[in-house]
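So this one's final-v1.cif, mmCIF, C-alpha atoms:
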data_work
loop_
_atom_site.label_atom_id
_atom_site.label_comp_id
_atom_site.auth_asym_id
_atom_site.auth_seq_id
_atom_site.Cartn_x
_atom_site.Cartn_y
_atom_site.Cartn_z
CA MET A 1 -29.34 17.81 -5.23
CA ALA A 2 -26.44 19.05 -3.10
CA ALA A 3 -22.96 17.74 -3.70
CA ARG A 4 -22.12 14.52 -1.85
CA ARG A 5 -18.81 13.33 -0.41
CA ILE A 6 -18.31 9.75 -1.54
CA LYS A 7 -15.92 7.26 0.04
CA ILE A 8 -14.98 4.22 -2.02
CA THR A 9 -13.01 1.10 -1.20
CA LEU A 10 -11.20 -0.40 -4.16
CA ALA A 11 -8.83 -3.20 -5.06
CA TYR A 12 -6.29 -3.17 -7.84
CA ASP A 13 -3.50 -5.09 -9.48
CA GLY A 14 -0.72 -2.52 -9.61
CA GLY A 15 1.39 -4.38 -12.17
CA GLY A 16 0.11 -2.37 -15.13
CA PHE A 17 0.13 1.04 -13.45
CA HIS A 18 2.79 3.62 -12.64
CA GLY A 19 1.55 3.83 -9.07
CA TRP A 20 -1.41 5.65 -7.59
CA GLN A 21 -0.59 9.29 -8.28
CA VAL A 22 -1.50 11.01 -11.53
CA GLN A 23 1.45 11.28 -13.92
CA PRO A 24 1.11 12.93 -17.32
CA GLY A 25 1.08 10.41 -20.14
CA LEU A 26 1.31 7.37 -17.85
CA PRO A 27 -1.42 4.99 -16.64
CA THR A 28 -2.04 5.43 -12.91
CA VAL A 29 -4.81 4.29 -10.61
CA GLN A 30 -5.78 7.80 -9.53
CA GLY A 31 -5.70 9.08 -13.10
CA THR A 32 -7.89 6.23 -14.34
CA LEU A 33 -10.45 6.80 -11.59
CA GLU A 34 -10.54 10.55 -12.15
CA GLU A 35 -11.18 10.15 -15.86
CA ILE A 36 -14.16 7.87 -15.25
CA VAL A 37 -15.71 9.78 -12.35
CA THR A 38 -15.30 13.01 -14.34
CA VAL A 39 -17.30 11.48 -17.20
CA ILE A 40 -20.06 10.34 -14.83
CA ASP A 41 -20.27 13.68 -13.03
CA GLY A 42 -19.89 15.84 -16.13
CA ARG A 43 -17.21 18.03 -14.54
CA PRO A 44 -13.56 17.61 -13.42
CA VAL A 45 -13.42 15.51 -10.24
CA HIS A 46 -10.38 15.10 -8.00
CA VAL A 47 -10.09 11.66 -6.37
CA ALA A 48 -8.07 11.73 -3.13
CA GLY A 49 -6.53 8.52 -1.85
CA SER A 50 -5.46 7.30 1.56
CA GLY A 51 -1.95 7.45 0.12
CA ARG A 52 0.15 6.82 -2.96
CA THR A 53 1.23 3.31 -3.80
CA ASP A 54 4.37 2.83 -5.86
CA ALA A 55 4.42 1.48 -9.39
CA GLY A 56 3.74 -2.24 -9.21
CA VAL A 57 2.28 -2.26 -5.69
CA HIS A 58 -1.14 -3.88 -5.27
CA ALA A 59 -4.11 -3.05 -3.05
CA LEU A 60 -6.70 -5.33 -1.50
CA GLN A 61 -8.54 -2.42 0.11
CA GLN A 62 -7.41 1.06 -0.84
CA VAL A 63 -9.66 3.94 0.22
CA ALA A 64 -10.40 7.05 -1.84
CA ALA A 65 -12.92 9.90 -1.74
CA PHE A 66 -14.31 12.64 -3.97
CA THR A 67 -17.20 15.08 -4.19
CA LEU A 68 -20.00 14.06 -6.56
CA GLU A 69 -22.76 16.34 -7.86
CA ASN A 70 -24.55 13.71 -9.94
CA PRO A 71 -27.56 12.39 -7.93
CA ILE A 72 -27.02 8.81 -9.19
CA PRO A 73 -27.74 6.20 -6.48
CA LEU A 74 -24.52 4.76 -5.07
CA LEU A 75 -25.26 1.18 -6.13
CA ASN A 76 -25.78 2.33 -9.71
CA PHE A 77 -22.70 4.53 -9.46
CA ARG A 78 -20.51 1.62 -8.36
CA ARG A 79 -21.84 -0.56 -11.16
CA ALA A 80 -21.27 2.19 -13.73
CA VAL A 81 -17.71 2.83 -12.57
CA ASN A 82 -16.83 -0.86 -12.63
CA ARG A 83 -18.20 -1.18 -16.16
CA LEU A 84 -15.89 1.61 -17.30
CA LEU A 85 -12.80 0.66 -15.28
CA PRO A 86 -10.18 -1.72 -16.65
CA PRO A 87 -10.39 -5.22 -15.11
CA ALA A 88 -7.31 -4.53 -12.97
CA ILE A 89 -9.28 -2.04 -10.82
CA ARG A 90 -12.53 -2.80 -8.99
CA VAL A 91 -14.61 -0.58 -6.73
CA LEU A 92 -15.69 -2.86 -3.89
CA SER A 93 -18.00 -0.44 -2.09
CA ALA A 94 -19.23 3.15 -2.11
CA GLU A 95 -20.80 5.15 0.69
CA GLU A 96 -21.70 8.74 1.46
CA VAL A 97 -19.64 10.35 4.24
CA HIS A 98 -19.43 13.74 5.92
CA PRO A 99 -18.31 16.61 3.65
CA ASP A 100 -14.92 17.02 5.34
CA PHE A 101 -13.87 13.39 5.15
CA HIS A 102 -10.33 12.91 3.82
CA PRO A 103 -9.11 9.34 3.25
CA ARG A 104 -5.52 10.21 4.14
CA TYR A 105 -5.80 12.63 7.05
CA ASP A 106 -8.66 10.75 8.74
CA ALA A 107 -6.92 7.36 8.58
CA LYS A 108 -5.94 5.91 11.97
CA ALA A 109 -3.97 2.87 10.82
CA LYS A 110 -2.88 1.02 7.70
CA THR A 111 -1.88 -2.59 7.21
CA TYR A 112 0.46 -3.89 4.53
CA GLU A 113 1.48 -7.39 3.60
CA TYR A 114 4.57 -8.55 1.77
CA ARG A 115 4.77 -12.00 0.20
CA ILE A 116 8.04 -13.89 -0.32
CA LEU A 117 7.97 -17.20 -2.17
CA ARG A 118 10.58 -19.61 -0.78
CA GLY A 119 10.09 -22.59 -3.08
CA GLU A 120 12.71 -23.62 -5.63
CA THR A 121 10.29 -22.92 -8.48
CA TYR A 122 7.27 -20.70 -8.83
CA SER A 123 3.99 -20.81 -10.68
CA PRO A 124 3.85 -18.27 -13.51
CA PHE A 125 0.46 -17.30 -12.09
CA GLU A 126 2.09 -16.35 -8.77
CA TRP A 127 5.05 -14.54 -10.28
CA PRO A 128 3.40 -11.09 -10.56
CA TYR A 129 2.42 -11.12 -6.87
CA VAL A 130 5.40 -12.49 -4.94
CA TYR A 131 9.12 -11.93 -4.51
CA HIS A 132 10.76 -15.24 -5.38
CA TYR A 133 13.67 -15.79 -3.00
CA PRO A 134 14.68 -19.50 -2.95
CA TYR A 135 18.05 -18.95 -1.24
CA PRO A 136 18.88 -19.96 2.37
CA LEU A 137 17.37 -17.79 5.10
CA ASP A 138 17.28 -18.12 8.87
CA GLU A 139 13.60 -17.46 9.39
CA GLU A 140 13.83 -17.33 13.17
CA ARG A 141 16.28 -14.43 12.96
CA MET A 142 13.89 -12.73 10.56
CA ARG A 143 11.02 -13.15 13.01
CA GLN A 144 13.13 -11.65 15.78
CA MET A 145 14.01 -8.65 13.61
CA ALA A 146 10.37 -8.15 12.65
CA GLN A 147 9.51 -7.68 16.33
CA VAL A 148 12.15 -4.94 16.63
CA PHE A 149 10.22 -2.73 14.20
CA THR A 150 7.26 -2.55 16.61
CA GLY A 151 6.84 0.71 18.53
CA GLU A 152 7.71 4.34 17.86
CA HIS A 153 11.00 4.79 16.02
CA ASP A 154 12.82 7.23 13.79
CA PHE A 155 12.67 5.36 10.49
CA THR A 156 14.89 7.79 8.54
CA ALA A 157 17.17 4.91 7.52
CA PHE A 158 14.17 3.09 6.04
CA ALA A 159 12.81 5.94 3.90
CA ALA A 160 13.61 6.61 0.26
CA SER A 161 16.07 9.49 -0.11
CA ASP A 162 13.59 11.54 -2.15
CA ASN A 163 10.83 11.24 0.44
CA SER A 164 9.17 14.43 1.58
CA ASP A 165 6.03 12.81 2.90
CA ALA A 166 4.18 14.28 5.82
CA LYS A 167 2.09 11.35 6.93
CA GLY A 168 1.43 8.83 4.20
CA ASP A 169 3.65 6.22 2.61
CA ASN A 170 4.75 5.48 -0.91
CA SER A 171 5.13 1.75 -0.63
CA SER A 172 1.49 1.74 0.01
CA ALA A 173 0.25 5.24 0.35
CA GLU A 174 2.85 7.88 0.03
CA CYS A 175 2.08 11.53 -0.25
CA HIS A 176 4.79 14.12 -0.76
CA THR A 177 4.28 17.63 0.52
CA GLU A 178 6.75 19.24 2.90
CA PRO A 179 9.58 17.61 4.89
CA ARG A 180 8.46 16.28 8.25
CA SER A 181 9.63 13.99 11.01
CA LYS A 182 10.50 10.43 10.02
CA VAL A 183 9.22 9.13 13.35
CA ARG A 184 6.46 6.56 12.88
CA THR A 185 4.58 4.18 15.15
CA VAL A 186 4.33 0.52 14.17
CA PHE A 187 1.54 -1.23 16.07
CA ALA A 188 2.34 -4.77 14.90
CA SER A 189 5.10 -6.38 12.82
CA THR A 190 5.01 -10.12 12.24
CA LEU A 191 6.51 -12.73 9.94
CA ARG A 192 4.88 -16.11 9.41
CA ARG A 193 5.13 -19.16 7.18
CA ASP A 194 2.23 -20.11 4.93
CA GLY A 195 3.25 -23.15 2.92
CA GLU A 196 6.09 -22.06 0.65
CA ARG A 197 5.42 -18.40 1.37
CA LEU A 198 6.81 -16.09 3.99
CA ILE A 199 4.19 -13.46 4.85
CA TYR A 200 5.34 -10.24 6.46
CA GLN A 201 2.53 -8.10 7.82
CA VAL A 202 2.92 -4.65 9.34
CA ARG A 203 0.30 -2.33 10.81
CA GLY A 204 1.09 1.26 11.70
CA SER A 205 -0.13 4.83 11.94
CA GLY A 206 1.66 5.78 8.73
CA PHE A 207 4.57 4.79 6.53
CA LEU A 208 7.37 6.58 4.73
CA LYS A 209 8.22 6.19 1.08
CA HIS A 210 9.58 2.68 0.43
CA MET A 211 9.50 2.01 4.18
CA VAL A 212 7.69 -1.33 4.04
CA ARG A 213 9.83 -2.63 1.19
CA ASN A 214 12.96 -1.50 3.04
CA LEU A 215 11.78 -3.28 6.18
CA VAL A 216 11.44 -6.44 4.10
CA GLY A 217 14.91 -5.95 2.64
CA THR A 218 16.26 -5.66 6.18
CA LEU A 219 14.48 -8.84 7.24
CA ILE A 220 16.16 -10.64 4.36
CA GLU A 221 19.58 -9.32 5.44
CA ALA A 222 18.85 -10.64 8.93
CA GLY A 223 17.89 -14.00 7.47
CA ARG A 224 21.08 -14.12 5.43
CA GLY A 225 23.13 -13.56 8.56
CA ASN A 226 24.40 -10.16 7.46
CA LEU A 227 23.06 -8.39 10.56
CA VAL A 228 24.88 -9.31 13.74
CA ASP A 229 22.25 -7.94 16.12
CA VAL A 230 18.60 -8.76 15.43
CA THR A 231 17.40 -7.29 18.74
CA ALA A 232 17.85 -3.61 17.84
CA LEU A 233 16.89 -1.34 14.95
CA PRO A 234 19.84 -1.25 12.55
CA GLY A 235 21.36 2.01 11.37
CA ARG A 236 21.00 0.98 7.73
CA CYS A 237 18.25 -0.84 5.89
CA GLY A 238 18.62 -3.67 3.44
CA SER A 239 17.99 -3.40 -0.27
CA THR A 240 14.49 -2.29 -1.25
CA ALA A 241 12.37 -5.37 -1.96
CA PRO A 242 10.54 -5.51 -5.31
CA ALA A 243 7.21 -3.68 -5.47
CA LYS A 244 5.21 -6.61 -6.81
CA GLY A 245 5.24 -8.51 -3.51
CA LEU A 246 3.58 -5.67 -1.59
CA PHE A 247 -0.15 -5.32 -0.89
CA LEU A 248 -2.08 -2.62 0.89
CA VAL A 249 -4.40 -4.77 2.98
CA SER A 250 -6.60 -2.23 4.75
CA VAL A 251 -7.03 1.35 5.95
CA GLU A 252 -8.73 1.95 9.29
CA TYR A 253 -10.92 4.84 10.43
CA ASP A 254 -12.82 5.68 13.58
#
Re-express the file's structure as structure tokens.
Amino acid sequence: MAARRIKITLAYDGGGFHGWQVQPGLPTVQGTLEEIVTVIDGRPVHVAGSGRTDAGVHALQQVAAFTLENPIPLLNFRRAVNRLLPPAIRVLSAEEVHPDFHPRYDAKAKTYEYRILRGETYSPFEWPYVYHYPYPLDEERMRQMAQVFTGEHDFTAFAASDNSDAKGDNSSAECHTEPRSKVRTVFASTLRRDGERLIYQVRGSGFLKHMVRNLVGTLIEAGRGNLVDVTALPGRCGSTAPAKGLFLVSVEYD
């Protein structure tokens, strides 16, 4: 049987991994997947992702792809991979796509969500998945600032200093190749209350390294009253919010 291009959607708890990208001697999501798919296919297999999440960042629906020579039916393949994967990673679906499909370059939009817990105390079962911030915040100012991020902007001030990403993002899907423009388009940027949580959700064409977490840090500075003007993009971002509150929600394709 001819080689097949396989697209998978997966979810993972990033707390026990040093991010998506393979790193020698360290547990990563990409490295774990490649080891297992290589065993199933009987040859080295490269698993490409829609981007590189940072250490500690989670994914509800990350997308990856690879070329498989083993003729195993996709349902059996998904079951086999999930049996071999650690519980913190699950393959949700698998499908055959055209041979040139690339999960990063073919992506049209990505959505990320950041969760801030506002209550005085937290459940130990929530702790790994939220940023606990019980201190006073003006949430209306934060909502106003969130709207400012919408549109096409130069987000240089919101990128990690070591970023050399061309299109992806590192707070959710960062890939580092050659230096490129830091201009990005944000389609939607909203902040809402959900019980004791503040949920920040952002959807865009692509994100720079640490960009989403730096946007969250800036929202917090706005809420603290440290930004005078919440109607314009500031020249500096706030402190980078902890990775554990960030989730890659979805990746969109045509």
Explicit residue set for the PyMOL selection byres ((chain A and resi 245) around 12), as a PyMOL selection string: chain A and resi 13-15+54-59+112-117+126-133+171-172+197-201+212-213+216-217+240-244+246-248
Please, what distance in Å, to one decimal, runs between CA of Pro86 in chain A and CA of Glu69 in chain A?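 So the two atoms, CA of Pro86 in chain A and CA of Glu69 in chain A, lie 23.7 Å apart.
For Pro234 in chain A, the set of protein, DNA and RNA residues having any atom at most 10 Å away, when counting only C-alpha atoms and skipping those fewer than 5 positions along the same chain, is A:Met145, A:Val148, A:Phe149, A:Phe155, A:Ala157, A:Phe158, A:Thr218, A:Leu227, A:Val228, A:Asp229.
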A:Thr32, A:Ser123, A:Thr111, A:Ser189 ranked by distance to Ala88 in chain A, top pick (using only C-alpha atoms):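 For Ala88 in chain A, the nearest of the candidates is A:Thr32.
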Given the PyMOL selection byres ((chain A and resi 93) around 12), the residues it picks as number ranges by chain: A: 6-11, 61-65, 74-79, 81-82, 90-92, 94-96
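Between Ala222 in chain A and the candidates A:Gly42, A:Pro99, A:Gly204, A:Pro136, the tightest atom-to-atom separation, counting all atoms listed in the file, involves A:Pro136.
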So what do you get for CA of Arg5 in chain A versus CA of Ala48 in chain A, distance-wise? 11.2 Å
Could you give me, as a PyMOL selection string, the residues within 7 Å of Glu252 in chain A, counting all atoms listed in the file and dropping anything in the same chain fewer than 3 positions from it? chain A and resi 107-110
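The interatomic distance for the pair CA of Ser239 in chain A and CA of Arg141 in chain A works out to 17.3 Å.
Among A:Glu139, A:Thr121, A:Thr53, A:Thr67, the residue with the shortest atom-to-atom distance to His210 in chain A, counting only C-alpha atoms, is A:Thr53.
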Taking all atoms listed in the file into account, name the residue in A:Leu191, A:Asp254, A:Gln147, A:Tyr105 that is nearest to Gly206 in chain A.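 The answer is A:Tyr105, which sits nearest to Gly206 in chain A.
Nearest residue to Arg192 in chain A, choosing from A:Arg180, A:Met142, A:Glu221, A:Asn226 and counting only C-alpha atoms: A:Met142.
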Spell out the residues picked by the PyMOL selection byres ((chain A and resi 31) around 10) here, as a ChimeraX atom specification. /A:17,19-30,32-36,46-47
For the selection you just gave me, I'd like the residues written to a file as an mmCIF file, in the coordinates of the input, keeping C-alpha atoms.
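out-v9.cif, freshly written:
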data_model
loop_
_atom_site.group_PDB
_atom_site.id
_atom_site.type_symbol
_atom_site.label_atom_id
_atom_site.label_comp_id
_atom_site.auth_asym_id
_atom_site.auth_seq_id
_atom_site.Cartn_x
_atom_site.Cartn_y
_atom_site.Cartn_z
ATOM 1 C CA PHE A 17 0.130 1.040 -13.450
ATOM 2 C CA GLY A 19 1.550 3.830 -9.070
ATOM 3 C CA TRP A 20 -1.410 5.650 -7.590
ATOM 4 C CA GLN A 21 -0.590 9.290 -8.280
ATOM 5 C CA VAL A 22 -1.500 11.010 -11.530
ATOM 6 C CA GLN A 23 1.450 11.280 -13.920
ATOM 7 C CA PRO A 24 1.110 12.930 -17.320
ATOM 8 C CA GLY A 25 1.080 10.410 -20.140
ATOM 9 C CA LEU A 26 1.310 7.370 -17.850
ATOM 10 C CA PRO A 27 -1.420 4.990 -16.640
ATOM 11 C CA THR A 28 -2.040 5.430 -12.910
ATOM 12 C CA VAL A 29 -4.810 4.290 -10.610
ATOM 13 C CA GLN A 30 -5.780 7.800 -9.530
ATOM 14 C CA THR A 32 -7.890 6.230 -14.340
ATOM 15 C CA LEU A 33 -10.450 6.800 -11.590
ATOM 16 C CA GLU A 34 -10.540 10.550 -12.150
ATOM 17 C CA GLU A 35 -11.180 10.150 -15.860
ATOM 18 C CA ILE A 36 -14.160 7.870 -15.250
ATOM 19 C CA HIS A 46 -10.380 15.100 -8.000
ATOM 20 C CA VAL A 47 -10.090 11.660 -6.370
#
Show which residues sit within 6 Å of Asn70 in chain A, as a PyMOL selection string. Count only C-alpha atoms, and ignore same-chain residues fewer than 2 positions away. chain A and resi 41+68+72
Identify which of the residues A:Val202, A:Val183, A:Ala188, A:Val249 lies closest to Thr156 in chain A, counting only C-alpha atoms when measuring atom-to-atom distances.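 Between A:Val202, A:Val183, A:Ala188, A:Val249, the residue approaching Thr156 in chain A most closely is A:Val183.
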